[in-house]
file structure-v4.csv (CSV, C-alpha atoms)
chain,number,residue,atom,x,y,z
A,24,MET,CA,0.0,0.0,0.0
A,25,LYS,CA,2.8,2.4,0.9
A,26,LEU,CA,4.4,1.7,-2.5
A,27,ASN,CA,1.1,2.3,-4.3
A,28,ARG,CA,0.7,5.6,-2.5
A,29,CYS,CA,4.2,6.6,-3.5
A,30,ALA,CA,3.6,5.6,-7.1
A,31,ASN,CA,0.3,7.6,-7.2
A,32,LYS,CA,2.0,10.6,-5.7
A,33,SER,CA,4.8,10.4,-8.3
A,34,ARG,CA,2.3,10.1,-11.1
A,35,GLY,CA,0.6,13.2,-9.8
A,36,LEU,CA,3.8,15.2,-9.6
A,37,LEU,CA,4.8,14.1,-13.1
A,38,GLY,CA,1.3,15.1,-14.4
A,39,ALA,CA,1.5,18.5,-12.8
A,40,LEU,CA,5.1,19.0,-14.2
A,41,ALA,CA,3.9,18.0,-17.7
A,42,ALA,CA,1.0,20.4,-17.5
A,43,GLY,CA,3.4,23.2,-16.4
A,44,LEU,CA,5.7,22.5,-19.2
A,45,LEU,CA,2.8,22.5,-21.6
A,46,LEU,CA,1.7,25.9,-20.3
A,47,ILE,CA,5.2,27.3,-20.6
A,48,SER,CA,5.6,26.0,-24.1
A,49,SER,CA,2.3,27.5,-25.1
A,50,THR,CA,3.1,30.9,-23.5
A,51,PHE,CA,6.5,31.2,-25.0
A,52,ALA,CA,5.9,29.4,-28.3
A,53,LEU,CA,8.3,30.4,-31.1
A,54,PRO,CA,6.6,32.2,-34.0
A,55,ALA,CA,6.1,30.3,-37.2
A,56,SER,CA,8.7,30.9,-39.8
A,57,ALA,CA,8.1,34.1,-41.8
A,58,ALA,CA,6.9,33.6,-45.3
A,59,THR,CA,9.3,34.8,-48.1
A,60,TRP,CA,8.0,37.1,-50.8
A,61,ARG,CA,10.2,37.2,-54.0
A,62,ASN,CA,9.9,40.5,-55.8
A,63,GLY,CA,11.5,40.7,-59.3
A,64,THR,CA,13.2,43.9,-60.3
A,65,VAL,CA,15.5,45.1,-63.1
A,66,SER,CA,19.2,45.3,-62.2
A,67,PHE,CA,20.0,47.8,-59.5
A,68,LYS,CA,21.0,51.2,-60.7
A,69,ASN,CA,21.6,54.6,-59.1
A,70,ASN,CA,18.1,54.5,-57.5
A,71,ALA,CA,18.8,51.1,-55.8
A,72,GLY,CA,18.6,52.6,-52.3
A,73,ILE,CA,15.0,53.6,-52.9
A,74,VAL,CA,14.1,50.3,-54.6
A,75,ASP,CA,15.6,48.1,-51.9
A,76,MET,CA,15.2,50.0,-48.7
A,77,GLY,CA,12.2,48.1,-47.4
A,78,SER,CA,14.1,44.8,-47.8
A,79,ALA,CA,17.4,46.1,-46.6
A,80,MET,CA,15.8,47.4,-43.4
A,81,ASP,CA,13.9,44.2,-42.9
A,82,TYR,CA,10.6,46.0,-42.5
A,83,GLY,CA,8.8,42.8,-43.3
A,84,LYS,CA,9.7,41.4,-39.9
A,85,ALA,CA,6.9,43.5,-38.4
A,86,TYR,CA,4.4,41.8,-40.7
A,87,GLY,CA,5.8,38.2,-40.6
A,88,LEU,CA,7.2,38.5,-44.1
A,89,LYS,CA,10.7,38.3,-45.5
A,90,VAL,CA,11.1,40.3,-48.8
A,91,ASP,CA,13.8,39.4,-51.3
A,92,ASN,CA,14.4,41.5,-54.3
A,93,VAL,CA,15.5,39.3,-57.2
A,94,GLN,CA,17.4,41.2,-60.0
A,95,PHE,CA,16.9,40.6,-63.7
A,96,LEU,CA,18.7,42.0,-66.7
A,97,GLY,CA,15.6,43.6,-68.2
A,98,ASP,CA,11.8,43.9,-68.0
A,99,PRO,CA,10.9,41.1,-70.4
A,100,ILE,CA,13.0,38.6,-68.4
A,101,ALA,CA,11.6,39.7,-65.1
A,102,LEU,CA,8.1,39.4,-66.6
A,103,LYS,CA,8.7,35.9,-67.7
A,104,ALA,CA,9.8,35.0,-64.2
A,105,LEU,CA,6.6,36.4,-62.8
A,106,ILE,CA,4.4,34.5,-65.3
A,107,SER,CA,6.3,31.2,-64.6
A,108,GLY,CA,6.0,31.6,-60.8
A,109,ASP,CA,9.7,32.1,-60.1
A,110,VAL,CA,8.8,35.4,-58.4
A,111,ASP,CA,5.7,36.5,-56.6
A,112,SER,CA,5.7,40.1,-58.0
A,113,TYR,CA,7.6,42.2,-60.4
A,114,GLU,CA,8.3,45.9,-60.6
A,115,GLY,CA,9.3,47.6,-63.8
A,116,ASN,CA,8.0,49.5,-66.7
A,117,PRO,CA,4.4,48.8,-67.7
A,118,ALA,CA,5.1,48.3,-71.5
A,119,ALA,CA,6.0,44.6,-71.3
A,120,PRO,CA,3.1,43.7,-68.9
A,121,LEU,CA,0.6,45.6,-71.0
A,122,THR,CA,1.8,43.8,-74.1
A,123,ALA,CA,1.6,40.5,-72.3
A,124,VAL,CA,-2.0,41.2,-71.2
A,125,ALA,CA,-3.0,42.2,-74.7
A,126,HIS,CA,-1.8,38.7,-75.7
A,127,GLY,CA,-3.8,36.9,-73.0
A,128,ALA,CA,-1.6,36.9,-70.0
A,129,ASP,CA,-3.4,36.9,-66.6
A,130,LEU,CA,-1.6,39.9,-65.1
A,131,HIS,CA,-2.5,43.0,-63.0
A,132,THR,CA,-0.9,46.1,-61.7
A,133,VAL,CA,-1.7,47.4,-58.2
A,134,GLY,CA,-0.2,50.8,-58.8
A,135,CYS,CA,3.1,52.7,-59.5
A,136,TYR,CA,5.6,54.0,-57.0
A,137,PHE,CA,7.9,55.5,-59.6
A,138,PRO,CA,5.3,57.1,-61.8
A,139,ARG,CA,7.5,59.6,-63.5
A,140,LEU,CA,10.5,58.7,-65.7
A,141,SER,CA,13.8,60.6,-66.2
A,142,TYR,CA,15.8,58.4,-68.6
A,143,ILE,CA,18.6,59.8,-70.8
A,144,LEU,CA,19.8,59.1,-74.3
A,145,TYR,CA,23.6,59.5,-74.0
A,146,GLY,CA,26.1,60.1,-76.7
A,147,LEU,CA,29.5,61.5,-77.3
A,148,LYS,CA,29.9,65.3,-77.7
A,149,SER,CA,30.5,64.7,-81.5
A,150,LEU,CA,26.7,64.2,-81.7
A,151,LYS,CA,24.8,67.4,-81.3
A,152,SER,CA,21.2,66.0,-81.4
A,153,PRO,CA,19.4,62.7,-81.5
A,154,ALA,CA,18.7,63.6,-85.2
A,155,ASP,CA,22.4,62.9,-85.8
A,156,VAL,CA,22.0,59.2,-85.0
A,157,ARG,CA,20.5,58.2,-88.4
A,158,GLY,CA,22.5,55.4,-89.9
A,159,LYS,CA,24.5,54.6,-86.7
A,160,VAL,CA,24.6,51.8,-84.2
A,161,ILE,CA,22.6,52.2,-81.0
A,162,ALA,CA,22.5,50.2,-77.8
A,163,ILE,CA,19.3,48.9,-76.3
A,164,SER,CA,18.5,46.2,-73.8
A,165,ASN,CA,16.0,43.4,-74.7
A,166,PRO,CA,13.4,44.2,-77.4
A,167,GLY,CA,10.3,45.6,-75.6
A,168,SER,CA,12.3,46.7,-72.6
A,169,LEU,CA,12.4,50.2,-71.1
A,170,PRO,CA,15.6,51.3,-72.9
A,171,ALA,CA,14.3,50.1,-76.2
A,172,MET,CA,11.0,51.9,-75.8
A,173,VAL,CA,12.6,55.2,-74.6
A,174,THR,CA,15.1,55.2,-77.4
A,175,GLN,CA,12.4,54.7,-80.0
A,176,LEU,CA,10.3,57.5,-78.6
A,177,ILE,CA,13.2,59.9,-78.5
A,178,LEU,CA,14.5,59.1,-82.0
A,179,GLU,CA,11.0,59.3,-83.5
A,180,LYS,CA,10.5,62.6,-81.8
A,181,TYR,CA,13.6,63.9,-83.6
A,182,GLY,CA,12.5,62.4,-87.0
A,183,VAL,CA,14.6,59.2,-86.9
A,184,PRO,CA,12.6,56.0,-87.5
A,185,MET,CA,14.1,52.8,-86.0
A,186,LYS,CA,14.6,51.3,-89.5
A,187,ASP,CA,17.2,54.0,-90.0
A,188,VAL,CA,19.5,52.8,-87.2
A,189,ARG,CA,21.0,49.4,-86.2
A,190,GLN,CA,20.1,48.2,-82.8
A,191,VAL,CA,22.4,46.0,-80.7
A,192,MET,CA,21.5,44.5,-77.3
A,193,VAL,CA,23.9,45.7,-74.6
A,194,GLY,CA,23.4,44.5,-71.0
A,195,ASN,CA,22.2,46.9,-68.4
A,196,ASP,CA,22.5,50.7,-68.0
A,197,ALA,CA,26.1,50.7,-66.9
A,198,ASP,CA,27.0,48.4,-69.9
A,199,ARG,CA,25.3,50.8,-72.4
A,200,VAL,CA,27.0,53.8,-70.9
A,201,ARG,CA,30.4,52.1,-71.2
A,202,ALA,CA,29.6,51.2,-74.8
A,203,VAL,CA,28.8,54.8,-75.6
A,204,LEU,CA,31.9,56.2,-73.9
A,205,SER,CA,34.2,53.7,-75.6
A,206,GLY,CA,32.7,54.5,-79.0
A,207,GLN,CA,31.3,51.0,-79.7
A,208,VAL,CA,27.9,52.5,-80.2
A,209,ALA,CA,26.6,56.0,-81.1
A,210,VAL,CA,24.0,56.3,-78.3
A,211,GLY,CA,22.5,54.3,-75.5
A,212,ALA,CA,19.7,55.0,-73.0
A,213,ALA,CA,20.3,54.8,-69.3
A,214,GLY,CA,19.2,56.3,-66.0
A,215,ALA,CA,19.9,60.0,-65.2
A,216,GLY,CA,22.3,59.0,-62.4
A,217,PHE,CA,25.0,58.5,-65.0
A,218,ILE,CA,25.1,62.1,-66.1
A,219,PRO,CA,28.1,63.1,-63.8
A,220,LEU,CA,30.1,60.1,-65.1
A,221,VAL,CA,29.3,60.6,-68.8
A,222,GLU,CA,30.0,64.4,-68.7
A,223,LYS,CA,33.3,63.7,-66.9
A,224,GLN,CA,34.4,61.2,-69.6
A,225,GLY,CA,33.5,63.3,-72.7
A,226,GLY,CA,29.9,62.5,-73.3
A,227,HIS,CA,26.6,64.3,-72.7
A,228,ALA,CA,22.9,63.9,-72.4
A,229,LEU,CA,21.3,64.2,-75.9
A,230,ALA,CA,17.7,64.1,-74.6
A,231,ASP,CA,15.6,63.1,-71.5
A,232,ILE,CA,12.4,61.2,-71.9
A,233,TYR,CA,11.0,63.3,-69.1
A,234,ASP,CA,11.0,66.2,-71.5
A,235,VAL,CA,10.1,64.3,-74.7
A,236,ALA,CA,7.3,62.2,-73.1
A,237,PRO,CA,6.4,63.6,-69.6
A,238,LEU,CA,3.6,61.1,-69.1
A,239,TYR,CA,6.0,58.1,-69.4
A,240,PRO,CA,5.8,56.0,-66.2
A,241,ARG,CA,8.8,54.3,-64.8
A,242,PHE,CA,8.0,51.5,-62.2
A,243,CYS,CA,4.7,49.9,-61.4
A,244,LEU,CA,4.1,46.7,-59.4
A,245,TYR,CA,2.6,43.6,-61.0
A,246,VAL,CA,1.2,40.3,-59.8
A,247,THR,CA,-0.7,37.4,-61.5
A,248,GLY,CA,-4.4,36.9,-61.3
A,249,LYS,CA,-3.6,33.6,-59.5
A,250,THR,CA,-2.0,35.6,-56.7
A,251,LEU,CA,-5.1,37.8,-56.3
A,252,ARG,CA,-7.4,34.8,-56.2
A,253,SER,CA,-5.4,33.1,-53.4
A,254,ALA,CA,-6.4,34.4,-50.0
A,255,GLU,CA,-2.9,33.4,-48.6
A,256,LYS,CA,-0.9,35.1,-51.4
A,257,ARG,CA,-3.2,38.1,-51.4
A,258,ASP,CA,-2.5,38.6,-47.7
A,259,GLN,CA,1.2,38.3,-48.3
A,260,LEU,CA,0.9,40.8,-51.2
A,261,VAL,CA,-0.7,43.4,-48.9
A,262,LYS,CA,2.2,42.9,-46.4
A,263,PHE,CA,4.7,43.2,-49.2
A,264,LEU,CA,3.1,46.5,-50.3
A,265,ALA,CA,3.2,47.8,-46.8
A,266,VAL,CA,6.9,47.0,-46.7
A,267,LYS,CA,7.4,48.8,-50.0
A,268,MET,CA,5.6,51.9,-48.8
A,269,GLN,CA,7.6,52.0,-45.6
A,270,GLY,CA,10.9,51.5,-47.3
A,271,VAL,CA,10.3,54.1,-50.1
A,272,ARG,CA,9.0,56.7,-47.6
A,273,TYR,CA,11.9,56.2,-45.3
A,274,ALA,CA,14.3,56.4,-48.3
A,275,LEU,CA,12.9,59.7,-49.4
A,276,ALA,CA,13.2,61.2,-45.9
A,277,HIS,CA,16.8,60.0,-45.3
A,278,ARG,CA,19.1,61.1,-48.1
A,279,ASP,CA,22.4,60.0,-46.7
A,280,ALA,CA,21.2,56.5,-45.7
A,281,THR,CA,19.6,56.0,-49.1
A,282,ILE,CA,22.8,57.1,-51.0
A,283,ALA,CA,24.9,54.8,-48.7
A,284,LEU,CA,22.6,51.8,-49.5
A,285,THR,CA,22.8,52.6,-53.2
A,286,GLU,CA,26.6,52.6,-53.0
A,287,LYS,CA,26.6,49.3,-51.1
A,288,LEU,CA,24.4,47.7,-53.7
A,289,ILE,CA,26.0,49.0,-56.9
A,290,GLY,CA,29.5,49.9,-55.8
A,291,ALA,CA,31.0,52.9,-54.1
A,292,ASP,CA,32.7,54.0,-57.4
A,293,HIS,CA,29.2,55.2,-58.5
A,294,SER,CA,28.8,57.4,-55.5
A,295,ALA,CA,28.5,60.6,-57.5
A,296,GLY,CA,25.8,59.1,-59.6
A,297,ALA,CA,24.0,57.9,-56.5
A,298,ALA,CA,23.9,61.3,-54.9
A,299,PHE,CA,22.9,63.0,-58.2
A,300,SER,CA,20.2,60.4,-58.9
A,301,PHE,CA,18.6,60.9,-55.4
A,302,ASP,CA,18.6,64.7,-55.8
A,303,HIS,CA,17.3,64.4,-59.3
A,304,ASN,CA,14.4,62.2,-58.4
A,305,VAL,CA,13.4,64.4,-55.5
A,306,LYS,CA,13.6,67.5,-57.7
A,307,LEU,CA,11.5,66.0,-60.4
A,308,ASN,CA,9.1,64.4,-57.9
A,309,THR,CA,9.4,61.0,-59.7
A,310,VAL,CA,8.6,58.9,-56.7
A,311,ASP,CA,5.3,58.1,-55.0
A,312,TRP,CA,5.6,56.1,-51.8
A,313,ARG,CA,1.8,55.8,-51.6
A,314,ILE,CA,1.9,53.6,-54.8
A,315,GLY,CA,-0.8,55.6,-56.6
A,316,PRO,CA,-2.9,54.4,-59.6
A,317,HIS,CA,-1.6,57.0,-62.1
A,318,VAL,CA,-4.2,56.0,-64.6
A,319,ASP,CA,-3.4,58.9,-67.0
A,320,ARG,CA,0.2,57.5,-67.4
A,321,LEU,CA,-1.0,53.9,-67.9
A,322,ASN,CA,-3.5,55.1,-70.5
A,323,TRP,CA,-0.8,57.2,-72.3
A,324,LEU,CA,1.6,54.2,-72.5
A,325,ASN,CA,-1.3,52.0,-73.6
A,326,GLU,CA,-1.9,54.3,-76.6
A,327,GLN,CA,1.8,54.4,-77.5
A,328,LEU,CA,2.0,50.6,-77.6
A,329,VAL,CA,-0.9,50.6,-80.2
A,330,LYS,CA,0.8,53.4,-82.1
A,331,PHE,CA,4.1,51.6,-82.3
A,332,GLY,CA,2.4,48.3,-83.3
A,333,ARG,CA,3.2,46.4,-80.1
A,334,ILE,CA,-0.4,45.6,-79.5
A,335,GLU,CA,-3.5,45.7,-81.8
A,336,LYS,CA,-5.9,47.5,-79.4
A,337,PRO,CA,-5.6,49.2,-76.0
A,338,VAL,CA,-5.7,47.1,-72.9
A,339,ASP,CA,-8.7,47.7,-70.6
A,340,ILE,CA,-6.9,49.6,-67.8
A,341,SER,CA,-10.0,49.4,-65.5
A,342,LYS,CA,-9.4,45.6,-65.4
A,343,PHE,CA,-5.6,45.7,-65.5
A,344,LEU,CA,-5.4,47.9,-62.4
A,345,VAL,CA,-6.5,46.4,-59.1
A,346,ARG,CA,-6.4,48.9,-56.2
A,347,GLN,CA,-7.7,47.1,-53.2
A,348,PRO,CA,-4.4,45.5,-52.2
A,349,VAL,CA,-2.7,48.9,-52.0
A,350,GLU,CA,-5.6,50.4,-50.0
A,351,ASP,CA,-5.4,47.5,-47.6
A,352,ALA,CA,-1.6,47.9,-47.4
A,353,MET,CA,-1.9,51.5,-46.5
A,354,LYS,CA,-4.2,50.7,-43.6
A,355,LEU,CA,-1.9,48.0,-42.4
A,356,TYR,CA,1.2,50.2,-42.7
A,357,LEU,CA,-0.3,53.2,-40.9
A,358,LYS,CA,-1.6,50.9,-38.2
A,359,THR,CA,1.7,49.2,-37.7
A,360,VAL,CA,4.1,52.2,-38.1
A,361,PRO,CA,2.1,55.4,-37.3
A,362,GLN,CA,5.0,57.6,-36.5
A,363,GLU,CA,7.0,57.5,-39.8
A,364,PRO,CA,9.0,60.6,-40.8
A,365,SER,CA,7.2,62.9,-43.2
A,366,ALA,CA,8.1,62.6,-46.9
A,367,LYS,CA,6.4,64.3,-49.7
call {"tool": "encode", "arguments": {"input": "structure-v4.csv", "output": "structure tokens"}}
result
Amino acid sequence: MKLNRCANKSRGLLGALAAGLLLISSTFALPASAATWRNGTVSFKNNAGIVDMGSAMDYGKAYGLKVDNVQFLGDPIALKALISGDVDSYEGNPAAPLTAVAHGADLHTVGCYFPRLSYILYGLKSLKSPADVRGKVIAISNPGSLPAMVTQLILEKYGVPMKDVRQVMVGNDADRVRAVLSGQVAVGAAGAGFIPLVEKQGGHALADIYDVAPLYPRFCLYVTGKTLRSAEKRDQLVKFLAVKMQGVRYALAHRDATIALTEKLIGADHSAGAAFSFDHNVKLNTVDWRIGPHVDRLNWLNEQLVKFGRIEKPVDISKFLVRQPVEDAMKLYLKTVPQEPSAK
């Protein structure tokens, strides 16, 4: 009997201990692993600090989301990665996504955080005007990419049809600038952040798309219809957009930190371009941390794609643009981080 009482007492103590451990493990349970959101973007340039700030600062931690920016050489390649499911979203120029939608792709934009574009056609000083490019070799990226579209718009504005030049595909912005400065090509389009470097090495800006086509949008954000139809992925999308808002807003309000991040991402040897690019974007008000709809700009580009024969008829922007995720993200962001520094 004495042994039985001891045994019963031991079982009681073990039961209480187990219950206590269960209570402790429930109270201090580790959070589930954060989901990862892969966002496709074109190769980092002199605005990299603005593009990547949300990821670099790990703002997704507050939302249980890890954001990875995956770089691609051009818009068409990034778009293919989105359609194939290799990335969850993609940010870039709307020309390629609109063209894909016109051909049946199930894609949508939620808005644009770089609604205004300053993109330069560079050449050596021996060229006085884009009109002087007739008959020469010009550098673009992939056909249908932003550099190709910008180059075509500028040259046609100056009376030079694309049939009167020879196009060669040359890597990213930095590669095209190097090709121009070395004399391998007559002109090449690249971001405004290269102006200090180009002028220092004997080249100059022939034209800026900001002046030639002021409605040209730069970066919008895209997802597939499949993502929007999935409750889980749509929830992650809202969190990703909140991260993007917070990152871009912080970047605009913290010049030095943004320039430093850009230098880290693209190399300190581009420091002059990073500072110039930041100030240039602020001056021209090219960035919208609220990720607005900018329907007028989407409509304008839509019409240009028809004009240049990229698509047969305009895409229905009212169906292409889905705003609810951005509206939900704004609510989530302001609820989570109400005391962010002011940024225009």
call {"tool": "residues_around", "arguments": {"input": "structure-v4.csv", "residues": "Gly108 of chain A", "least_positions_apart": "6", "cutoff": "12 Å", "atoms": "all atoms listed in the file", "output": "VMD selection string"}}
result
chain A and resid 60 to 63 101 to 102 246 to 250
call {"tool": "closest_residue", "arguments": {"input": "structure-v4.csv", "among": "A:Asp231, A:Asp339, A:Glu222, A:Asp75", "to": "Pro170 of chain A", "atoms": "all atoms listed in the file"}}
result
A:Asp231
call {"tool": "closest_residue", "arguments": {"input": "structure-v4.csv", "among": "A:Val208, A:Leu229, A:Leu321, A:Ile177", "to": "Val191 of chain A", "atoms": "only C-alpha atoms"}}
result
A:Val208
call {"tool": "atom_distance", "arguments": {"input": "structure-v4.csv", "atom1": "atom CA of Gly87 of chain A", "atom2": "atom CA of Lys267 of chain A"}}
result
14.3 Å
call {"tool": "atom_distance", "arguments": {"input": "structure-v4.csv", "atom1": "atom CA of Leu355 of chain A", "atom2": "atom CA of Arg272 of chain A"}}
result
14.9 Å
call {"tool": "atom_distance", "arguments": {"input": "structure-v4.csv", "atom1": "atom CA of Glu255 of chain A", "atom2": "atom CA of Leu88 of chain A"}}
result
12.2 Å
